[in-house]
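K.L.:
Handing over entry24.csv, CSV, C-alpha atoms.
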```csv
chain,number,residue,atom,x,y,z
W,1,MET,CA,-34.9,-33.2,65.5
W,2,LYS,CA,-35.7,-35.6,62.6
W,3,ALA,CA,-33.1,-38.3,61.8
W,4,VAL,CA,-32.8,-41.3,59.5
W,5,ILE,CA,-32.4,-44.3,61.8
W,6,PHE,CA,-31.0,-47.7,60.9
W,7,GLU,CA,-33.4,-50.4,62.2
W,8,GLY,CA,-32.0,-53.5,60.5
W,9,ALA,CA,-31.6,-54.9,57.0
W,10,TYR,CA,-33.7,-53.0,54.4
W,11,GLU,CA,-35.3,-51.0,57.2
W,12,VAL,CA,-34.7,-47.3,57.9
W,13,GLU,CA,-37.1,-45.0,59.7
W,14,VAL,CA,-37.3,-41.3,60.2
W,15,ARG,CA,-37.7,-40.6,63.9
W,16,ASP,CA,-37.2,-37.8,66.4
W,17,LYS,CA,-33.8,-37.8,68.2
W,18,ASP,CA,-32.4,-35.4,70.8
W,19,ARG,CA,-30.4,-32.6,69.4
W,20,PRO,CA,-26.7,-33.0,70.1
W,21,GLY,CA,-24.6,-30.4,72.0
W,22,ILE,CA,-21.0,-29.4,72.5
W,23,ALA,CA,-19.4,-32.3,74.4
W,24,GLU,CA,-15.7,-31.2,74.1
W,25,PRO,CA,-14.1,-27.8,73.9
W,26,THR,CA,-12.9,-28.6,70.4
W,27,ASP,CA,-16.4,-29.4,69.1
W,28,ALA,CA,-18.8,-27.5,67.0
W,29,LEU,CA,-22.5,-27.9,66.3
W,30,LEU,CA,-23.6,-28.0,62.7
W,31,ARG,CA,-27.0,-27.2,61.4
W,32,VAL,CA,-27.3,-29.4,58.3
W,33,THR,CA,-28.5,-28.0,55.1
W,34,THR,CA,-27.8,-31.0,52.8
W,35,ALA,CA,-26.9,-34.6,53.5
W,36,ALA,CA,-26.4,-37.3,50.8
W,37,ILE,CA,-27.2,-41.0,50.6
W,38,CYS,CA,-24.0,-42.7,49.7
W,39,GLY,CA,-23.6,-46.0,47.8
W,40,SER,CA,-21.7,-47.3,50.8
W,41,ASP,CA,-24.7,-46.6,53.0
W,42,LEU,CA,-26.3,-49.4,51.1
W,43,HIS,CA,-23.9,-52.0,52.6
W,44,MET,CA,-25.5,-51.2,55.9
W,45,TYR,CA,-29.0,-51.0,54.5
W,46,ASP,CA,-28.5,-54.4,52.9
W,47,GLY,CA,-27.5,-55.9,56.3
W,48,ARG,CA,-23.9,-56.5,55.0
W,49,THR,CA,-22.2,-54.9,58.0
W,50,ALA,CA,-22.2,-55.1,61.8
W,51,MET,CA,-24.1,-51.8,62.0
W,52,GLU,CA,-26.0,-51.4,65.3
W,53,THR,CA,-29.7,-50.6,65.2
W,54,GLY,CA,-30.8,-47.2,66.4
W,55,HIS,CA,-27.9,-45.4,64.8
W,56,ILE,CA,-28.3,-42.3,62.7
W,57,LEU,CA,-27.0,-42.9,59.1
W,58,GLY,CA,-25.1,-40.7,56.8
W,59,HIS,CA,-21.6,-39.5,56.4
W,60,GLU,CA,-21.9,-36.9,53.6
W,61,ILE,CA,-22.8,-33.7,55.4
W,62,MET,CA,-22.7,-29.9,54.9
W,63,GLY,CA,-24.4,-26.9,56.6
W,64,VAL,CA,-23.9,-23.9,58.7
W,65,ILE,CA,-22.0,-23.8,62.0
W,66,GLU,CA,-24.5,-23.1,64.8
W,67,GLN,CA,-22.2,-23.1,67.8
W,68,VAL,CA,-18.5,-23.7,68.6
W,69,GLY,CA,-16.7,-24.9,71.7
W,70,PRO,CA,-14.4,-22.6,73.7
W,71,ALA,CA,-11.2,-24.1,72.1
W,72,VAL,CA,-12.3,-23.7,68.5
W,73,ARG,CA,-10.3,-20.9,66.8
W,74,SER,CA,-10.6,-21.0,63.0
W,75,ILE,CA,-14.3,-21.3,62.4
W,76,LYS,CA,-17.3,-19.5,64.0
W,77,ALA,CA,-21.0,-19.5,64.1
W,78,GLY,CA,-22.5,-18.7,60.7
W,79,ASP,CA,-19.7,-20.3,58.7
W,80,ARG,CA,-20.8,-22.5,55.9
W,81,VAL,CA,-18.8,-25.8,56.0
W,82,VAL,CA,-18.5,-29.3,54.5
W,83,LEU,CA,-17.5,-32.2,56.7
W,84,PRO,CA,-15.0,-34.8,55.4
W,85,PHE,CA,-16.6,-38.2,56.2
W,86,ASN,CA,-13.3,-39.2,57.9
W,87,ILE,CA,-13.0,-37.8,61.4
W,88,GLY,CA,-9.5,-37.0,62.4
W,89,CYS,CA,-7.8,-35.5,65.4
W,90,GLY,CA,-5.3,-33.5,63.3
W,91,VAL,CA,-2.2,-34.3,65.4
W,92,CYS,CA,-1.5,-38.0,65.5
W,93,PHE,CA,1.2,-39.8,63.4
W,94,ASN,CA,-1.2,-40.6,60.6
W,95,CYS,CA,-3.1,-37.2,60.5
W,96,ASN,CA,0.3,-35.4,60.4
W,97,ARG,CA,1.1,-37.4,57.3
W,98,GLY,CA,-2.1,-36.4,55.5
W,99,LEU,CA,-3.8,-39.7,56.4
W,100,ALA,CA,-6.7,-38.6,58.5
W,101,ASN,CA,-8.6,-41.6,57.0
W,102,PHE,CA,-6.5,-43.7,59.5
W,103,CYS,CA,-6.6,-41.4,62.5
W,104,LEU,CA,-5.2,-43.2,65.5
W,105,THR,CA,-6.9,-41.4,68.4
W,106,VAL,CA,-10.5,-40.6,67.5
W,107,ASN,CA,-11.8,-44.2,67.5
W,108,PRO,CA,-10.5,-46.3,70.4
W,109,GLU,CA,-11.2,-49.6,68.6
W,110,LYS,CA,-9.6,-49.0,65.1
W,111,ALA,CA,-7.4,-46.7,63.1
W,112,HIS,CA,-10.2,-44.8,61.5
W,113,ALA,CA,-13.5,-43.0,62.3
W,114,ALA,CA,-16.4,-41.6,60.4
W,115,TYR,CA,-19.9,-40.3,60.9
W,116,GLY,CA,-22.7,-42.8,60.9
W,117,TYR,CA,-20.8,-45.8,59.6
W,118,ALA,CA,-20.4,-49.4,60.7
W,119,GLY,CA,-17.1,-50.2,62.5
W,120,MET,CA,-15.9,-46.6,62.5
W,121,GLY,CA,-16.7,-45.4,65.9
W,122,LYS,CA,-19.8,-44.4,67.8
W,123,PHE,CA,-20.3,-41.1,66.0
W,124,GLU,CA,-23.9,-40.4,64.9
W,125,GLY,CA,-24.5,-39.8,61.2
W,126,GLY,CA,-25.5,-36.7,59.3
W,127,GLN,CA,-28.9,-37.6,57.8
W,128,THR,CA,-30.5,-35.4,60.4
W,129,GLU,CA,-30.9,-31.7,61.3
W,130,TYR,CA,-27.9,-31.2,63.6
W,131,VAL,CA,-24.5,-32.9,63.9
W,132,ARG,CA,-21.8,-32.7,66.5
W,133,VAL,CA,-18.4,-32.0,64.8
W,134,PRO,CA,-15.4,-33.3,66.7
W,135,PHE,CA,-12.1,-31.5,66.4
W,136,ALA,CA,-13.9,-28.8,64.4
W,137,ASP,CA,-10.9,-26.7,63.5
W,138,PHE,CA,-9.4,-29.7,61.7
W,139,ASN,CA,-12.5,-31.4,60.3
W,140,ALA,CA,-14.6,-28.5,58.9
W,141,LEU,CA,-13.9,-27.4,55.4
W,142,LYS,CA,-15.0,-23.7,55.0
W,143,VAL,CA,-16.8,-22.9,51.7
W,144,PRO,CA,-18.2,-19.7,50.4
W,145,GLY,CA,-21.7,-18.6,49.6
W,146,GLN,CA,-25.1,-19.2,51.1
W,147,PRO,CA,-27.1,-22.4,51.6
W,148,PHE,CA,-28.9,-23.7,48.5
W,149,ASP,CA,-27.0,-21.4,46.1
W,150,GLU,CA,-25.6,-22.6,42.8
W,151,PHE,CA,-22.7,-24.5,44.6
W,152,GLU,CA,-24.8,-26.5,47.1
W,153,ASP,CA,-25.0,-29.6,44.9
W,154,ASP,CA,-21.2,-29.4,44.1
W,155,PHE,CA,-20.0,-28.7,47.6
W,156,ILE,CA,-21.8,-31.5,49.3
W,157,LEU,CA,-19.9,-34.0,47.1
W,158,LEU,CA,-16.6,-32.7,48.7
W,159,ALA,CA,-17.7,-34.7,51.9
W,160,ASP,CA,-16.9,-38.0,50.2
W,161,ILE,CA,-17.5,-39.0,46.6
W,162,PHE,CA,-15.6,-36.3,44.7
W,163,PRO,CA,-12.4,-36.7,46.8
W,164,THR,CA,-13.0,-40.5,46.8
W,165,GLY,CA,-13.3,-40.6,43.0
W,166,TYR,CA,-10.1,-38.4,42.7
W,167,HIS,CA,-8.3,-40.7,45.2
W,168,ALA,CA,-9.2,-43.7,43.0
W,169,THR,CA,-7.4,-42.1,40.1
W,170,GLU,CA,-4.4,-41.5,42.4
W,171,LEU,CA,-4.4,-45.2,43.5
W,172,ALA,CA,-4.5,-46.2,39.8
W,173,HIS,CA,-1.7,-43.7,38.8
W,174,VAL,CA,-3.9,-41.8,36.3
W,175,GLY,CA,-2.2,-38.9,34.6
W,176,PRO,CA,-2.3,-37.0,31.3
W,177,GLY,CA,-2.7,-39.4,28.4
W,178,SER,CA,-3.6,-42.4,30.5
W,179,THR,CA,-6.0,-45.1,29.4
W,180,VAL,CA,-8.5,-45.9,32.2
W,181,ALA,CA,-11.3,-48.4,32.8
W,182,VAL,CA,-13.7,-47.8,35.7
W,183,PHE,CA,-15.9,-50.6,36.7
W,184,GLY,CA,-19.1,-49.4,38.3
W,185,ALA,CA,-21.1,-46.3,37.2
W,186,GLY,CA,-22.5,-45.5,40.6
W,187,PRO,CA,-21.6,-42.1,42.1
W,188,VAL,CA,-18.0,-42.9,43.0
W,189,GLY,CA,-17.4,-44.6,39.7
W,190,LEU,CA,-18.8,-41.7,37.8
W,191,LEU,CA,-16.7,-39.2,39.7
W,192,SER,CA,-13.6,-41.5,39.3
W,193,ALA,CA,-14.2,-41.2,35.5
W,194,TYR,CA,-14.8,-37.5,35.8
W,195,SER,CA,-11.6,-37.0,37.9
W,196,ALA,CA,-9.6,-39.0,35.3
W,197,LEU,CA,-10.8,-36.7,32.6
W,198,LEU,CA,-10.0,-33.7,34.7
W,199,LYS,CA,-6.4,-35.0,35.0
W,200,GLY,CA,-6.1,-35.3,31.2
W,201,ALA,CA,-6.7,-39.0,30.6
W,202,ALA,CA,-6.9,-39.9,26.9
W,203,GLU,CA,-9.3,-42.8,27.1
W,204,VAL,CA,-11.8,-43.4,29.9
W,205,TYR,CA,-14.2,-46.4,29.8
W,206,VAL,CA,-17.0,-46.9,32.3
W,207,VAL,CA,-18.4,-50.4,32.8
W,208,ASP,CA,-21.9,-51.0,34.1
W,209,ARG,CA,-25.3,-52.4,33.0
W,210,ILE,CA,-27.7,-49.7,34.2
W,211,GLU,CA,-28.7,-47.6,31.2
W,212,GLU,CA,-29.3,-44.3,33.1
W,213,ARG,CA,-25.8,-44.6,34.7
W,214,LEU,CA,-24.1,-45.4,31.5
W,215,ALA,CA,-25.8,-42.4,29.9
W,216,LEU,CA,-24.4,-40.2,32.8
W,217,ALA,CA,-21.0,-41.6,32.1
W,218,ALA,CA,-21.3,-40.6,28.4
W,219,GLU,CA,-22.5,-37.1,29.4
W,220,LEU,CA,-19.3,-36.7,31.5
W,221,GLY,CA,-17.2,-37.5,28.5
W,222,ALA,CA,-16.4,-41.2,29.1
W,223,THR,CA,-17.1,-44.2,26.9
W,224,PRO,CA,-19.8,-46.4,28.3
W,225,ILE,CA,-19.4,-50.2,28.2
W,226,ASP,CA,-22.6,-52.2,28.8
W,227,ILE,CA,-21.9,-55.6,30.5
W,228,ALA,CA,-25.2,-56.9,29.1
W,229,LYS,CA,-23.7,-56.7,25.6
W,230,GLY,CA,-20.8,-59.1,26.4
W,231,ASN,CA,-17.5,-59.5,28.2
W,232,PRO,CA,-16.4,-55.9,29.1
W,233,VAL,CA,-12.7,-56.8,28.8
W,234,GLU,CA,-13.1,-57.9,25.2
W,235,GLN,CA,-15.4,-55.0,24.4
W,236,ILE,CA,-12.7,-52.5,25.5
W,237,LYS,CA,-9.9,-54.4,23.8
W,238,ASP,CA,-11.9,-54.6,20.6
W,239,MET,CA,-12.6,-50.9,20.6
W,240,ARG,CA,-8.9,-50.2,21.0
W,241,ARG,CA,-7.9,-52.7,18.3
W,242,SER,CA,-10.4,-51.1,15.9
W,243,ASN,CA,-9.0,-47.7,16.3
W,244,ALA,CA,-6.6,-47.3,13.3
W,245,LEU,CA,-4.8,-44.4,14.8
W,246,LEU,CA,-4.0,-46.3,18.0
W,247,GLN,CA,-2.8,-49.2,16.0
W,248,ASP,CA,-0.7,-47.2,13.6
W,249,ARG,CA,1.4,-45.8,16.5
W,250,LEU,CA,2.5,-49.2,17.7
W,251,ARG,CA,6.0,-50.6,17.3
W,252,PRO,CA,6.5,-54.4,16.9
W,253,GLY,CA,5.5,-56.2,20.1
W,254,GLU,CA,3.5,-53.3,21.5
W,255,ASP,CA,0.3,-55.0,20.6
W,256,LYS,CA,0.7,-56.8,23.9
W,257,MET,CA,-0.5,-53.6,25.6
W,258,GLY,CA,-4.0,-53.9,24.2
W,259,GLY,CA,-5.8,-53.2,27.4
W,260,VAL,CA,-5.6,-50.1,29.6
W,261,MET,CA,-2.9,-48.9,32.0
W,262,CYS,CA,-5.2,-47.9,34.8
W,263,GLY,CA,-8.1,-49.8,36.3
W,264,ILE,CA,-10.5,-48.8,39.0
W,265,ASP,CA,-12.8,-51.0,40.9
W,266,ALA,CA,-15.7,-48.8,42.1
W,267,VAL,CA,-18.0,-51.7,42.9
W,268,GLY,CA,-16.5,-53.6,45.8
W,269,TYR,CA,-17.5,-56.8,47.5
W,270,GLN,CA,-21.1,-56.8,46.4
W,271,ALA,CA,-20.2,-57.1,42.7
W,272,ARG,CA,-22.6,-59.1,40.6
W,273,SER,CA,-21.8,-62.0,38.3
W,274,ASP,CA,-21.6,-61.2,34.6
W,275,ASP,CA,-23.4,-64.5,34.0
W,276,ASP,CA,-26.3,-64.0,36.5
W,277,TYR,CA,-27.0,-60.5,37.7
W,278,GLU,CA,-29.0,-61.8,40.6
W,279,ARG,CA,-26.0,-63.6,42.0
W,280,GLU,CA,-23.0,-62.0,43.7
W,281,ASN,CA,-19.4,-62.7,42.7
W,282,ALA,CA,-17.2,-60.6,44.9
W,283,MET,CA,-14.1,-61.1,42.7
W,284,GLN,CA,-15.9,-60.5,39.3
W,285,VAL,CA,-14.4,-57.0,38.9
W,286,ILE,CA,-10.9,-57.9,40.1
W,287,THR,CA,-10.9,-60.8,37.7
W,288,HIS,CA,-11.8,-58.6,34.8
W,289,LEU,CA,-9.2,-56.0,35.8
W,290,ALA,CA,-6.5,-58.6,36.1
W,291,SER,CA,-7.1,-59.4,32.4
W,292,LEU,CA,-7.7,-55.9,31.2
W,293,VAL,CA,-4.9,-53.9,32.8
W,294,ASN,CA,-1.6,-54.1,30.8
W,295,PRO,CA,1.6,-55.4,32.2
W,296,THR,CA,3.2,-52.8,34.5
W,297,GLY,CA,-0.2,-51.1,34.9
W,298,HIS,CA,-2.0,-50.1,38.1
W,299,ILE,CA,-5.3,-50.9,39.8
W,300,GLY,CA,-7.2,-48.8,42.4
W,301,LEU,CA,-9.6,-50.6,44.6
W,302,ILE,CA,-11.9,-47.8,45.8
W,303,GLY,CA,-15.0,-50.0,46.1
W,304,VAL,CA,-15.7,-51.1,49.7
W,305,TYR,CA,-14.5,-54.5,51.0
W,306,MET,CA,-16.0,-55.1,54.5
W,307,GLN,CA,-14.8,-57.3,57.3
W,308,PRO,CA,-16.9,-58.7,58.7
W,309,ASP,CA,-19.6,-59.3,56.1
W,310,PRO,CA,-22.6,-61.1,57.7
W,311,GLY,CA,-24.1,-61.7,54.3
W,312,GLY,CA,-21.0,-63.3,52.7
W,313,GLY,CA,-21.6,-66.5,50.8
W,314,THR,CA,-18.9,-68.6,52.5
W,315,ASP,CA,-17.2,-68.6,55.9
W,316,ALA,CA,-14.2,-67.0,54.3
W,317,GLU,CA,-16.2,-64.2,52.6
W,318,LYS,CA,-17.9,-63.5,55.9
W,319,GLN,CA,-14.4,-62.6,57.2
W,320,GLY,CA,-13.5,-60.5,54.1
W,321,ILE,CA,-11.3,-63.2,52.7
W,322,TYR,CA,-11.4,-63.7,48.9
W,323,PRO,CA,-9.4,-65.7,46.2
W,324,ILE,CA,-7.8,-63.1,44.0
W,325,PRO,CA,-5.8,-64.0,40.8
W,326,ILE,CA,-2.5,-63.1,42.5
W,327,GLY,CA,-0.3,-65.1,40.1
W,328,GLN,CA,-1.7,-63.2,37.0
W,329,LEU,CA,-1.3,-59.8,38.8
W,330,TRP,CA,2.2,-60.6,40.0
W,331,GLY,CA,3.3,-62.0,36.7
W,332,ASN,CA,2.3,-58.8,34.9
W,333,GLY,CA,3.9,-56.5,37.5
W,334,ILE,CA,0.5,-54.8,38.3
W,335,THR,CA,0.4,-52.6,41.4
W,336,ILE,CA,-2.7,-52.4,43.5
W,337,GLY,CA,-3.6,-49.4,45.7
W,338,MET,CA,-6.6,-49.6,48.0
W,339,GLY,CA,-8.5,-48.2,51.0
W,340,GLN,CA,-10.6,-45.3,52.1
W,341,CYS,CA,-10.0,-41.9,50.7
W,342,PRO,CA,-8.1,-39.3,52.9
W,343,VAL,CA,-10.6,-36.6,52.1
W,344,LYS,CA,-8.7,-33.8,53.6
W,345,ARG,CA,-5.8,-34.5,51.3
W,346,TYR,CA,-7.9,-33.3,48.3
W,347,ASN,CA,-11.0,-31.4,49.4
W,348,GLU,CA,-9.4,-27.9,49.5
W,349,PHE,CA,-8.1,-28.2,46.0
W,350,LEU,CA,-11.2,-29.7,44.6
W,351,ARG,CA,-13.3,-27.0,46.4
W,352,ASP,CA,-11.3,-24.4,44.5
W,353,LEU,CA,-11.8,-26.2,41.2
W,354,ILE,CA,-15.5,-25.9,41.8
W,355,ILE,CA,-15.3,-22.2,42.8
W,356,ASP,CA,-13.3,-21.4,39.7
W,357,GLY,CA,-15.8,-23.3,37.5
W,358,ARG,CA,-13.3,-25.9,36.4
W,359,ALA,CA,-15.2,-28.8,38.0
W,360,LYS,CA,-19.0,-29.4,38.5
W,361,PRO,CA,-19.4,-32.8,40.1
W,362,GLY,CA,-23.0,-32.0,41.0
W,363,ARG,CA,-23.9,-33.0,37.4
W,364,ILE,CA,-24.4,-36.5,38.6
W,365,ILE,CA,-27.1,-35.7,41.2
W,366,THR,CA,-30.5,-37.1,40.2
W,367,HIS,CA,-32.8,-36.6,43.2
W,368,ARG,CA,-33.4,-34.1,46.0
W,369,ILE,CA,-35.7,-35.1,48.7
W,370,ARG,CA,-37.1,-34.1,52.1
W,371,ILE,CA,-36.0,-36.3,55.1
W,372,GLY,CA,-39.4,-37.9,55.3
W,373,ASP,CA,-38.9,-39.4,51.9
W,374,ALA,CA,-35.6,-41.1,52.9
W,375,PRO,CA,-37.0,-44.7,53.5
W,376,GLY,CA,-38.4,-44.8,50.0
W,377,ALA,CA,-35.3,-43.3,48.5
W,378,TYR,CA,-33.1,-45.9,50.1
W,379,ALA,CA,-35.3,-48.7,48.7
W,380,LYS,CA,-35.1,-47.3,45.2
W,381,PHE,CA,-31.5,-46.5,45.3
W,382,ASP,CA,-30.7,-50.0,46.5
W,383,LYS,CA,-32.7,-51.5,43.6
W,384,ARG,CA,-31.1,-49.1,41.0
W,385,VAL,CA,-34.6,-48.1,39.7
W,386,ASP,CA,-36.3,-44.9,38.6
W,387,GLY,CA,-33.0,-43.3,37.7
W,388,TYR,CA,-31.7,-43.1,41.3
W,389,VAL,CA,-28.0,-42.4,41.1
W,390,LYS,CA,-27.2,-39.7,43.7
W,391,VAL,CA,-29.7,-38.6,46.2
W,392,LEU,CA,-29.6,-35.5,48.4
W,393,ILE,CA,-31.6,-35.0,51.6
W,394,GLN,CA,-32.2,-31.2,52.0
W,395,PHE,CA,-33.3,-29.2,55.0
W,396,ARG,CA,-34.7,-26.0,53.6
```
Render the structure in this file as structure tokens.
P.N.:
Amino acid sequence: MKAVIFEGAYEVEVRDKDRPGIAEPTDALLRVTTAAICGSDLHMYDGRTAMETGHILGHEIMGVIEQVGPAVRSIKAGDRVVLPFNIGCGVCFNCNRGLANFCLTVNPEKAHAAYGYAGMGKFEGGQTEYVRVPFADFNALKVPGQPFDEFEDDFILLADIFPTGYHATELAHVGPGSTVAVFGAGPVGLLSAYSALLKGAAEVYVVDRIEERLALAAELGATPIDIAKGNPVEQIKDMRRSNALLQDRLRPGEDKMGGVMCGIDAVGYQARSDDDYERENAMQVITHLASLVNPTGHIGLIGVYMQPDPGGGTDAEKQGIYPIPIGQLWGNGITIGMGQCPVKRYNEFLRDLIIDGRAKPGRIITHRIRIGDAPGAYAKFDKRVDGYVKVLIQFR
């Protein structure tokens, strides 16, 4: 079978690999129809993780069940399913609390596991033709329809970025009427903004500097903020100050709440400096959020922060240690939620929003490719060129 293989920084190859089989009675074998390239795959592509060479990449996977082990009861050959990128056992202390993102048994080294991802177990990824699915009864989300129907683009996003974007809004306490700022208009940032709008947020700002991505944010119903035009914190505050209706509703002293109540970092540790886009500043987004989020507000850190980071600029950064403005955050009583999304907490409900026509996250997909085109797609996606925002690898 063909597979996308990690061979080192900025180097992926498409090679033949042996087709996996059923290794445990609880396994299933999935024939992949669509796999996606995720923004977090770029951390490995850039050499910013401890990813081993020779590993199949990809953790956003859907397809049709080819075979099931003798202990599998709730799915069968021929079922169409999406795989949450988290792999959970379904029975440990964390899985029982809805936190399969921190399963305690599947990965012997750490409290989490995933397909094709650095530091998250030895499981091969899904940018290939067949994938072994551990604990298939628990991990496979059944979806209706047939491969490559009108839902394919939407359902594949249930593997990661739609639940992840929704989780970001939960971390940031977004609800009806909320004011929200999302930093980063990549796939997760866009679906964070989309999720905020689905939840009834009143104002949603999306901060980036890539024109195509800001245009997508506007199409989703958010207000785009271009970093190239100035400090994004001041841009958002100026917009809110210039809105007469917002100002007329204030009582004396309430002008101190000129920012937003909910902030989302959808960029992570490879954030760029506002002053020099070619230079990284891992704390650039968090610094902005500390100034933009109102006292008693909330921040969701959904962008990835890796440990270790071989490409970190300092010894501390190589260990995932960063100086955050803790005094400013503490003084304003701002809460911070962070970490990987527990996909299974949300994917059934988000699936049903898609089925009922209430959500269409596939609107952000920009490219569909064959597996042989994956190396070039990785390079373009990494450079944010040619309109590459969300890329699907399809096996028709």
K.L.:
Which of these, W:Gly78, W:Pro232, W:Pro342, W:Gly320, has the shortest distance to W:Asn139 once you count only C-alpha atoms?
P.N.:
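The shortest atom-to-atom distance to W:Asn139 comes from W:Pro342.
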K.L.:
Counting all atoms listed in the file, which residue out of W:Ala290, W:Cys341, W:Leu353, W:Met306 sits closest to W:Gly98?
P.N.:
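The closest residue to W:Gly98 is W:Cys341.
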K.L.:
Within 9 Å of (-25.5, -26.8, 61.6), only C-alpha atoms: residues as a ChimeraX atom specification?
P.N.:
/W:28-33,62-67,77-78,80-81,129-132
K.L.:
What's around W:Val4 at 7 Å? Count only C-alpha atoms, leave out sequence neighbours fewer than 3 positions away in its own chain, and write the answer as a list in words.
P.N.:
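So the residues in contact are Val12, Glu13, Val14, Arg15, Ile56, Leu57, Gln127 and Thr128 of chain W.
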K.L.:
Report the distance between atom CA of W:Arg209 and atom CA of W:Thr287 in Å, rounded to one decimal place.
P.N.:
17.3 Å
K.L.:
One number please: atom CA of W:Thr179 to atom CA of W:Ala201, in Å, one decimal.
P.N.:
6.3 Å
K.L.:
Rounded to one decimal place, report the atom CA of W:Thr34-atom CA of W:Gly145 distance in Å.
P.N.:
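We find that atom CA of W:Thr34 and atom CA of W:Gly145 lie 14.2 Å from each other.
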K.L.:
Neighbours of stretch 41-54 of chain W within 10 Å (all atoms listed in the file; same-chain residues fewer than 3 positions away dropped), as a ChimeraX atom specification?
P.N.:
/W:4-13,15,36-38,57-59,116-120,122,124,269-270,304-312,318,378-379,381-382
K.L.:
Got time to write the residues from that selection, C-alpha atoms, as a JSON list (two decimals), in the frame of the given file?
P.N.:
```
[["chain", "number", "residue", "atom", "x", "y", "z"],
["W", 4, "VAL", "CA", -32.80, -41.30, 59.50],
["W", 5, "ILE", "CA", -32.40, -44.30, 61.80],
["W", 6, "PHE", "CA", -31.00, -47.70, 60.90],
["W", 7, "GLU", "CA", -33.40, -50.40, 62.20],
["W", 8, "GLY", "CA", -32.00, -53.50, 60.50],
["W", 9, "ALA", "CA", -31.60, -54.90, 57.00],
["W", 10, "TYR", "CA", -33.70, -53.00, 54.40],
["W", 11, "GLU", "CA", -35.30, -51.00, 57.20],
["W", 12, "VAL", "CA", -34.70, -47.30, 57.90],
["W", 13, "GLU", "CA", -37.10, -45.00, 59.70],
["W", 15, "ARG", "CA", -37.70, -40.60, 63.90],
["W", 36, "ALA", "CA", -26.40, -37.30, 50.80],
["W", 37, "ILE", "CA", -27.20, -41.00, 50.60],
["W", 38, "CYS", "CA", -24.00, -42.70, 49.70],
["W", 57, "LEU", "CA", -27.00, -42.90, 59.10],
["W", 58, "GLY", "CA", -25.10, -40.70, 56.80],
["W", 59, "HIS", "CA", -21.60, -39.50, 56.40],
["W", 116, "GLY", "CA", -22.70, -42.80, 60.90],
["W", 117, "TYR", "CA", -20.80, -45.80, 59.60],
["W", 118, "ALA", "CA", -20.40, -49.40, 60.70],
["W", 119, "GLY", "CA", -17.10, -50.20, 62.50],
["W", 120, "MET", "CA", -15.90, -46.60, 62.50],
["W", 122, "LYS", "CA", -19.80, -44.40, 67.80],
["W", 124, "GLU", "CA", -23.90, -40.40, 64.90],
["W", 269, "TYR", "CA", -17.50, -56.80, 47.50],
["W", 270, "GLN", "CA", -21.10, -56.80, 46.40],
["W", 304, "VAL", "CA", -15.70, -51.10, 49.70],
["W", 305, "TYR", "CA", -14.50, -54.50, 51.00],
["W", 306, "MET", "CA", -16.00, -55.10, 54.50],
["W", 307, "GLN", "CA", -14.80, -57.30, 57.30],
["W", 308, "PRO", "CA", -16.90, -58.70, 58.70],
["W", 309, "ASP", "CA", -19.60, -59.30, 56.10],
["W", 310, "PRO", "CA", -22.60, -61.10, 57.70],
["W", 311, "GLY", "CA", -24.10, -61.70, 54.30],
["W", 312, "GLY", "CA", -21.00, -63.30, 52.70],
["W", 318, "LYS", "CA", -17.90, -63.50, 55.90],
["W", 378, "TYR", "CA", -33.10, -45.90, 50.10],
["W", 379, "ALA", "CA", -35.30, -48.70, 48.70],
["W", 381, "PHE", "CA", -31.50, -46.50, 45.30],
["W", 382, "ASP", "CA", -30.70, -50.00, 46.50]]
```
K.L.:
Leaving out W:Tyr322 and any residue of its chain fewer than 3 positions from it, which residues lie within 9 Å of it when counting only C-alpha atoms, given as a ChimeraX atom specification?
P.N.:
/W:282-283,316-317,319
K.L.:
Near W:Lys256, counting all atoms listed in the file, which residues have an atom at most 10 Å away, once you skip same-chain residues fewer than 5 positions from it, shown as a list in words?
P.N.:
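Answer for this query is Leu250, Asn294 and Pro295 of chain W.
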K.L.:
Between W:Arg19, W:Arg363, W:Arg240, W:Arg370, which has the minimum distance to W:Leu216 (counting all atoms listed in the file)?
P.N.:
W:Arg363
K.L.:
What lies within 12 Å of W:Asn101 using only C-alpha atoms, ignoring chain neighbours under 5 positions off, as a tab-separated table (two decimals) with C-alpha atoms, keeping the file's coordinate frame?
P.N.:
```tsv
chain	number	residue	atom	x	y	z
W	84	PRO	CA	-15.00	-34.80	55.40
W	85	PHE	CA	-16.60	-38.20	56.20
W	86	ASN	CA	-13.30	-39.20	57.90
W	87	ILE	CA	-13.00	-37.80	61.40
W	88	GLY	CA	-9.50	-37.00	62.40
W	89	CYS	CA	-7.80	-35.50	65.40
W	90	GLY	CA	-5.30	-33.50	63.30
W	92	CYS	CA	-1.50	-38.00	65.50
W	93	PHE	CA	1.20	-39.80	63.40
W	94	ASN	CA	-1.20	-40.60	60.60
W	95	CYS	CA	-3.10	-37.20	60.50
W	96	ASN	CA	0.30	-35.40	60.40
W	106	VAL	CA	-10.50	-40.60	67.50
W	107	ASN	CA	-11.80	-44.20	67.50
W	110	LYS	CA	-9.60	-49.00	65.10
W	111	ALA	CA	-7.40	-46.70	63.10
W	112	HIS	CA	-10.20	-44.80	61.50
W	113	ALA	CA	-13.50	-43.00	62.30
W	114	ALA	CA	-16.40	-41.60	60.40
W	120	MET	CA	-15.90	-46.60	62.50
W	139	ASN	CA	-12.50	-31.40	60.30
W	160	ASP	CA	-16.90	-38.00	50.20
W	163	PRO	CA	-12.40	-36.70	46.80
W	164	THR	CA	-13.00	-40.50	46.80
W	167	HIS	CA	-8.30	-40.70	45.20
W	339	GLY	CA	-8.50	-48.20	51.00
W	340	GLN	CA	-10.60	-45.30	52.10
W	341	CYS	CA	-10.00	-41.90	50.70
W	342	PRO	CA	-8.10	-39.30	52.90
W	343	VAL	CA	-10.60	-36.60	52.10
W	344	LYS	CA	-8.70	-33.80	53.60
W	345	ARG	CA	-5.80	-34.50	51.30
```
